[in-house]
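For reference, the structure is listed below as structure tokens.
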Amino acid sequence: MSTNDCKTVQPYLSAYHDGELSAGQAATVAQHVEACESCASELRAFESLGSAFAQAPIPAKRDDLWQRIERELSKANEPVTLSRRFSVWVRESPYGAGLVSMAASILLLLGFGLWYGGNNKHEMAGNGRAMAMHGNDGHTHDDEMSAEHMVEFASVMDDYLQKLPSDPDGAEQMLLTKYDGEKVDTEGAVKLVGYRPIVSGGLPEGYSLASTSVLKMPCCTCVKAVCKRNDGSTLVLFEHDDEETAWFGDRRQSMAMCGDKDCCLVDLDSSIAATWKQGTRSVTAVGVRDQDEVAKLVTWLNKS
């Protein structure tokens with residue numbers, strides 16, 4: 001996607017308003033909103049709802065509140081139940097009107113959230129999540145990776161990325177050692193991760209498969225394929241269940257359309273990394289030369 005792509009930016013306006021996006025993702029959304037009045041208006045709607053809750057007045061409690069409630073209850077012929085106490089409190093208390101108003105606002109917000117979420121659920125799945133990607137460490141990939149593990153993981157990946165261009169074999173061994181890696185063939189990968197790696201269907205012309213391995217990374221257990229170009233340079237493909245841009249720390253990110261996929265592109269100084277959805281999983285390519293090469297890989301893997 002480009003920064004002009006409303007369909008890709010809109011699902012992340014709420015997270016942007018709540019400050020939940022990474023610096024790179026937030027910059028992409030901010031750049032789009034600045035130039036797009038439609039998305040800017042939608043963002044203002046989130047801001048208005050938050051402001052309405054923050055400014056809702058809470059009246060002071062009357063000194064004789066509970067005495068009035070007890071007098072009302074003593075006059076009642078029906079049994080004194082919790083629900084009746086509550087109804088009297090709502091009617092008599094200066095808090096009552098505010099409570100009813102707040103409840104109505106909450107129901108309005110819930111309805112808006114269900115409507116908005118339902119309309120965007122399929123679109124967010126298609127857009128990847130190249131922007132949100134929540135991982136974990138030692139638990140299932142549905143749990144969020146702790147801040148401590150996220151920082152450690154990003155540091156390890158940074159070392160790997162710096163080492164990869166000049167010493168790909170050393171970079172490979174570093175990850176295998178750090179994350180209990182095991183070199184496997186296609187059938188071995190199926191036994192360990194439960195699916196057949198995408199590279200088992202071959203690679204585009206000009207690439208060859210050097211090795212495949214399975215790594216128990218903090219985000220998830222993933223398949224790593226080391227690929228060689230005809231000129232001997234290295235490209236690495238990670239196939240994983242999570243969608244975690246924490247892999248790359250605070251490196252600059254942008255969104256782009258590569259082939260028919262929305263991809264999250266990360267600047268790696270001398271190369272780039274790209275993450276996109278491939279079926280039910282995600283693929284992260286490291287050591288990619290440019291966006292055209294990402295599109296070539298996406299197109300090929302779609303056909304394989």
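Residue numbering restarts at 1 for every chain of the structure tokens, chains are lettered A, B, ... in their displayed order, and ligands are numbered from 1 as they appear.
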Selection near range 198-204 of chain A, 9 Å with only C-alpha atoms, sequence-local residues under 4 positions removed, as a PDB file with N, CA, C and O atoms, in the first residue's frame:
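Once everything was written out, this is part.pdb:
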ATOM      1  N   ASP A 185      14.744 -31.291   6.279  1.00  0.00           N
ATOM      2  CA  ASP A 185      14.201 -31.270   4.928  1.00  0.00           C
ATOM      3  C   ASP A 185      12.711 -30.966   5.025  1.00  0.00           C
ATOM      4  O   ASP A 185      12.185 -30.698   6.115  1.00  0.00           O
ATOM      5  N   THR A 186      12.022 -31.004   3.901  1.00  0.00           N
ATOM      6  CA  THR A 186      10.601 -30.643   3.891  1.00  0.00           C
ATOM      7  C   THR A 186       9.779 -31.508   4.840  1.00  0.00           C
ATOM      8  O   THR A 186       8.974 -31.006   5.633  1.00  0.00           O
ATOM      9  N   SER A 208      18.174 -20.359  -5.599  1.00  0.00           N
ATOM     10  CA  SER A 208      18.262 -21.767  -5.227  1.00  0.00           C
ATOM     11  C   SER A 208      18.165 -21.883  -3.712  1.00  0.00           C
ATOM     12  O   SER A 208      18.535 -20.960  -2.984  1.00  0.00           O
ATOM     13  N   LEU A 209      17.662 -23.031  -3.243  1.00  0.00           N
ATOM     14  CA  LEU A 209      17.486 -23.247  -1.813  1.00  0.00           C
ATOM     15  C   LEU A 209      18.763 -23.838  -1.230  1.00  0.00           C
ATOM     16  O   LEU A 209      19.200 -24.915  -1.633  1.00  0.00           O
ATOM     17  N   THR A 212      17.042 -25.401   4.860  1.00  0.00           N
ATOM     18  CA  THR A 212      15.851 -25.056   5.646  1.00  0.00           C
ATOM     19  C   THR A 212      16.084 -25.516   7.073  1.00  0.00           C
ATOM     20  O   THR A 212      16.761 -26.519   7.319  1.00  0.00           O
ATOM     21  N   ALA A 225      14.246 -20.441   5.648  1.00  0.00           N
ATOM     22  CA  ALA A 225      14.828 -20.941   4.408  1.00  0.00           C
ATOM     23  C   ALA A 225      15.915 -19.987   3.942  1.00  0.00           C
ATOM     24  O   ALA A 225      15.663 -18.797   3.726  1.00  0.00           O
ATOM     25  N   CYS A 227      18.170 -18.832   1.036  1.00  0.00           N
ATOM     26  CA  CYS A 227      18.157 -18.910  -0.425  1.00  0.00           C
ATOM     27  C   CYS A 227      19.374 -18.181  -0.986  1.00  0.00           C
ATOM     28  O   CYS A 227      19.832 -17.182  -0.423  1.00  0.00           O
ATOM     29  N   LEU A 237      14.148 -16.376   4.014  1.00  0.00           N
ATOM     30  CA  LEU A 237      12.692 -16.341   4.163  1.00  0.00           C
ATOM     31  C   LEU A 237      12.295 -17.015   5.475  1.00  0.00           C
ATOM     32  O   LEU A 237      12.658 -18.174   5.715  1.00  0.00           O
ATOM     33  N   GLU A 239       9.033 -18.230   7.652  1.00  0.00           N
ATOM     34  CA  GLU A 239       7.601 -18.510   7.587  1.00  0.00           C
ATOM     35  C   GLU A 239       7.119 -18.728   9.017  1.00  0.00           C
ATOM     36  O   GLU A 239       7.602 -19.625   9.702  1.00  0.00           O
ATOM     37  N   GLN A 278       0.707 -14.806   3.893  1.00  0.00           N
ATOM     38  CA  GLN A 278       0.716 -15.846   2.865  1.00  0.00           C
ATOM     39  C   GLN A 278      -0.184 -16.961   3.366  1.00  0.00           C
ATOM     40  O   GLN A 278       0.229 -17.786   4.178  1.00  0.00           O
ATOM     41  N   LYS A 296       8.313  -9.888  -6.858  1.00  0.00           N
ATOM     42  CA  LYS A 296       8.654 -11.113  -7.586  1.00  0.00           C
ATOM     43  C   LYS A 296       8.450 -12.341  -6.698  1.00  0.00           C
ATOM     44  O   LYS A 296       7.878 -13.346  -7.134  1.00  0.00           O
ATOM     45  N   LEU A 297       8.886 -12.264  -5.449  1.00  0.00           N
ATOM     46  CA  LEU A 297       8.742 -13.380  -4.522  1.00  0.00           C
ATOM     47  C   LEU A 297       7.273 -13.632  -4.198  1.00  0.00           C
ATOM     48  O   LEU A 297       6.822 -14.783  -4.170  1.00  0.00           O
ATOM     49  N   TRP A 300       5.509 -15.287  -7.175  1.00  0.00           N
ATOM     50  CA  TRP A 300       5.915 -16.680  -7.331  1.00  0.00           C
ATOM     51  C   TRP A 300       5.272 -17.566  -6.259  1.00  0.00           C
ATOM     52  O   TRP A 300       4.721 -18.626  -6.561  1.00  0.00           O
ATOM     53  N   LEU A 301       5.327 -17.131  -5.010  1.00  0.00           N
ATOM     54  CA  LEU A 301       4.801 -17.945  -3.918  1.00  0.00           C
ATOM     55  C   LEU A 301       3.291 -18.100  -4.012  1.00  0.00           C
ATOM     56  O   LEU A 301       2.736 -19.105  -3.569  1.00  0.00           O
ATOM     57  N   SER A 304       2.914 -21.030  -6.381  1.00  0.00           N
ATOM     58  CA  SER A 304       3.500 -22.327  -6.019  1.00  0.00           C
ATOM     59  C   SER A 304       2.597 -23.118  -5.066  1.00  0.00           C
ATOM     60  O   SER A 304       1.665 -22.578  -4.494  1.00  0.00           O
TER      61      SER A 304
END
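Every protein or nucleic acid residue with an atom no more than 10 Å from range 162-171 of chain A, counting only C-alpha atoms and leaving out same-chain residues fewer than 2 positions away, appears here: Met157, Asp158, Asp159, Tyr160, Gln173, Met174, Leu175, Leu176, Val226, Ser233, Thr234, Leu235, Val236, Leu268, Asp269, Ser270, Ser271, Val286 and Gly287 of chain A.
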### Task
Rank A:Gly259, A:Glu182, A:Thr275, A:Arg229 by their smallest atom-to-atom distance to Glu205 in chain A, using only C-alpha atoms, and report the top residue only.
A:Arg229
### Query
Using the chain letters and numbers from this document, which residues of range 214-287 of chain A does DSSP assign to strand (DSSP E), as a PyMOL selection string?
chain A and resi 214-216+221-229+234-240+253-258+261-267+272-278+281-287
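Among the residues of range 175-263 of chain A, backbone DSSP assigns helix (DSSP H, G or I) to Leu175, Leu176, Thr177, Lys178, Thr186, Glu187, Gly188, Ala189, Val190, Lys191, Leu192, Val193, Ile198, Val199, Ser200, Gly201, Thr245, Ala246, Trp247 and Phe248 of chain A.
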### Task
Have a look at CA of Ala274 in chain A and CA of Gln291 in chain A and let me know their distance in Å, one decimal.
8.5 Å
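Comparing the minimum interatomic distances between Ser211 in chain A and each of A:Trp247, A:Leu192, A:Glu172, A:Glu187, counting only C-alpha atoms, we find that A:Glu172 sits nearest.
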### Query
Rounded to one decimal in Å, what is the spacing between CA of Ser14 in chain A and CA of Glu152 in chain A?
28.1 Å
### Query
Which residue gives the smallest distance to Asn302 in chain A among A:Gly194, A:Arg289, A:Thr284, A:Lys277, with only C-alpha atoms counted?
A:Lys277
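Picture a line from CA of Asp262 in chain A to CA of Trp276 in chain A; it runs 6.4 Å.
Here the question is which of A:Thr299, A:Thr28, A:Thr221, A:Ser282 gets nearest to Cys258 in chain A using only C-alpha atoms, and that residue is A:Thr299.
The list of residues with at least one atom within 10 Å of Ala30 in chain A, based on only C-alpha atoms and without residues fewer than 2 positions apart in the same chain, reads A:Thr3, A:Val9, A:Leu13, A:Tyr16, A:Gly24, A:Gln25, A:Ala26, A:Ala27, A:Thr28, A:His32, A:Val33, A:Glu34, A:Ala35, A:Cys36, A:Ala40.
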Would you output that residue set with C-alpha atoms, as a compact mmCIF listing (two decimals), in the first residue's frame?
# COMPACT_ATOMS: atom_id res chain seq x y z
CA THR A 3 0.31 6.27 2.24
CA VAL A 9 -4.80 2.83 6.98
CA LEU A 13 -6.86 4.67 13.21
CA TYR A 16 -3.10 5.21 16.35
CA GLY A 24 7.20 3.78 12.07
CA GLN A 25 3.57 2.72 11.82
CA ALA A 26 2.38 5.88 13.58
CA ALA A 27 4.39 8.03 11.16
CA THR A 28 2.78 6.27 8.19
CA HIS A 32 -1.82 9.73 5.46
CA VAL A 33 -4.24 11.50 7.82
CA GLU A 34 -2.55 14.84 7.16
CA ALA A 35 -3.40 14.54 3.46
CA CYS A 36 -6.74 12.70 3.67
CA ALA A 40 -8.85 12.71 9.41
